[in-house]
Amino acid sequence: MIIIPREKPVVQDLNSYYLDIQKLIEHYQGELGAGAVYFKSPVSEAVVFFDEQNLVNGYFEDRNQSLQGRDAIDRIMETAAVNNFTVSVFRILPERLYFWANLQNSKMIYKDLTSEFTDLEGLIKKMEAESLTGFIDVELSNGEGGLLFIYKGKVIGGSSADGAGNVDRSREYRDDLIRRSKEYGGKFNVSRVLLDEDTGAGARQTPEGPAQAVEERKAGGRREQAFEPAQISRQRVLEMLQMLLASLETMVRGNRKVRSDFETLLNKKFIEKIDKYEFLDPFAADFKYSGGKVSYSGYADWDEVVGAIEECVYEIAQTHGLLSRLRSQLDDWRSEFADEIARFNVRL
């Protein structure tokens, strides 16, 4: 099973028979800067991870073998036309590219920790405190389980053991895995993912052809690794928060059990949070939601602002028994703001 973040495909379900894979990758190297091209057929699957200059890594799996690095990329190029893969392209945040590209080149640091002596929730907190970049593999006694991905101490999603390699970023997935680990017991393995480009993947150069015209930056004979955090659009962040709050407002207005109007309810929650987030003070109005519109004139960084609003939305929805319904209504929001949700690690 190949795992990549697949929330928002840039393009999907193309037929490899009609594609020049090399030129496709070249195009999206320039268009996206960092991402993955995913290939799927009835008998095999594969992926190529790329940044703006090079192919970072590749994986190929079928019933008979599993390849990675240059061998995997060569096999993809050789068989794309005859295997009739469906091809999809996904954007990946540049600073997290090496995490996903090297996920299968991880090093186990804790093996077979049993639930008899180790609490999963406590283990997650320990890995967060240690700023782990890696994952926890949870094997439950009932045969179920899953993975929890942690990037620099933050849980950025999970994947079910019986799933299709999709990443679930919701807080609900993590909480459910913790609950089931207490109910059924099992064991936990913790692995570290190396972010350095020299991990032995062996797929660093762009394939032969026109892509060689892309100039490589050099630093002492080696390609310079210079990933900067994705640029943040103020307008996009405000639109993301506005749509989230509007979704919750619609749900609150339709619930007869909630006596207060939504803006009053929200401002009360803001007041509860002033000691932690000064910019939520309704009287200062640095952050304001009114008439379905969001405005922000404060100086707190965007990570703090997004985290504060996520926290308020989560607590209001949970208090009024609306959390499950809200999550089920956010598919369009997750699709529209997939990049921002990943960037700020929003887990609703």
# chains A, B, ... in the order shown; residues from 1 in each chain; ligands from 1
>>> residues_around(residues="A:Phe85", least_positions_apart="2", cutoff="7 Å", atoms="only C-alpha atoms", output="PyMOL selection string")
chain A and resi 15-16+39-41+80+83+87
>>> closest_residue(among="A:Leu148, A:Leu241, A:Cys312, A:Ile73", to="A:Lys268", atoms="only C-alpha atoms")
A:Cys312
>>> closest_residue(among="A:Gln53, A:Val89, A:Gly146, A:Gln65", to="A:Val37", atoms="only C-alpha atoms")
A:Val89
>>> residues_around(residues="A:Lys154", least_positions_apart="2", cutoff="8 Å", atoms="only C-alpha atoms", output="ChimeraX atom specification")
/A:128,131,150-152,156
>>> residues_around(residues="A:Gln318", least_positions_apart="5", cutoff="12 Å", atoms="only C-alpha atoms", output="PDB file with C-alpha atoms, in the first residue's frame")
ATOM      1  CA  GLU A 172     -11.834  11.975  15.232  1.00  0.00           C
ATOM      2  CA  LEU A 248     -21.256  25.870  12.034  1.00  0.00           C
ATOM      3  CA  VAL A 252     -26.589  25.988  15.073  1.00  0.00           C
ATOM      4  CA  GLU A 311     -10.489  25.157  18.901  1.00  0.00           C
ATOM      5  CA  CYS A 312     -13.580  27.358  19.324  1.00  0.00           C
ATOM      6  CA  VAL A 313     -15.505  25.612  16.540  1.00  0.00           C
ATOM      7  CA  LEU A 323     -19.597  17.591  16.059  1.00  0.00           C
ATOM      8  CA  SER A 324     -20.329  14.461  14.021  1.00  0.00           C
ATOM      9  CA  ARG A 325     -22.884  16.271  11.864  1.00  0.00           C
ATOM     10  CA  LEU A 326     -20.536  19.199  11.315  1.00  0.00           C
ATOM     11  CA  ARG A 327     -17.706  16.916  10.213  1.00  0.00           C
ATOM     12  CA  LEU A 348     -11.774  18.870  12.251  1.00  0.00           C
TER      13      LEU A 348
END
>>> closest_residue(among="A:Gly153, A:Pro282, A:Pro42, A:Gly145", to="A:Leu123", atoms="only C-alpha atoms")
A:Gly153
>>> residues_around(residues="A:Ser290", least_positions_apart="4", cutoff="10 Å", atoms="only C-alpha atoms", output="mmCIF file with C-alpha atoms, in the first residue's frame")
data_model
loop_
_atom_site.group_PDB
_atom_site.id
_atom_site.type_symbol
_atom_site.label_atom_id
_atom_site.label_comp_id
_atom_site.auth_asym_id
_atom_site.auth_seq_id
_atom_site.Cartn_x
_atom_site.Cartn_y
_atom_site.Cartn_z
ATOM 1 C CA GLN A 242 -15.274 32.198 7.127
ATOM 2 C CA ALA A 246 -20.634 29.795 8.354
ATOM 3 C CA PHE A 262 -24.769 32.065 16.799
ATOM 4 C CA GLU A 263 -22.819 35.319 17.086
ATOM 5 C CA VAL A 294 -14.763 37.332 8.778
ATOM 6 C CA SER A 295 -12.328 40.189 9.343
#
>>> closest_residue(among="A:Phe279, A:Tyr296, A:Phe99, A:Phe50", to="A:Gly30", atoms="only C-alpha atoms")
A:Phe50
>>> closest_residue(among="A:Ile92, A:Ala36, A:Leu140, A:Glu61", to="A:Gln12", atoms="only C-alpha atoms")
A:Ala36
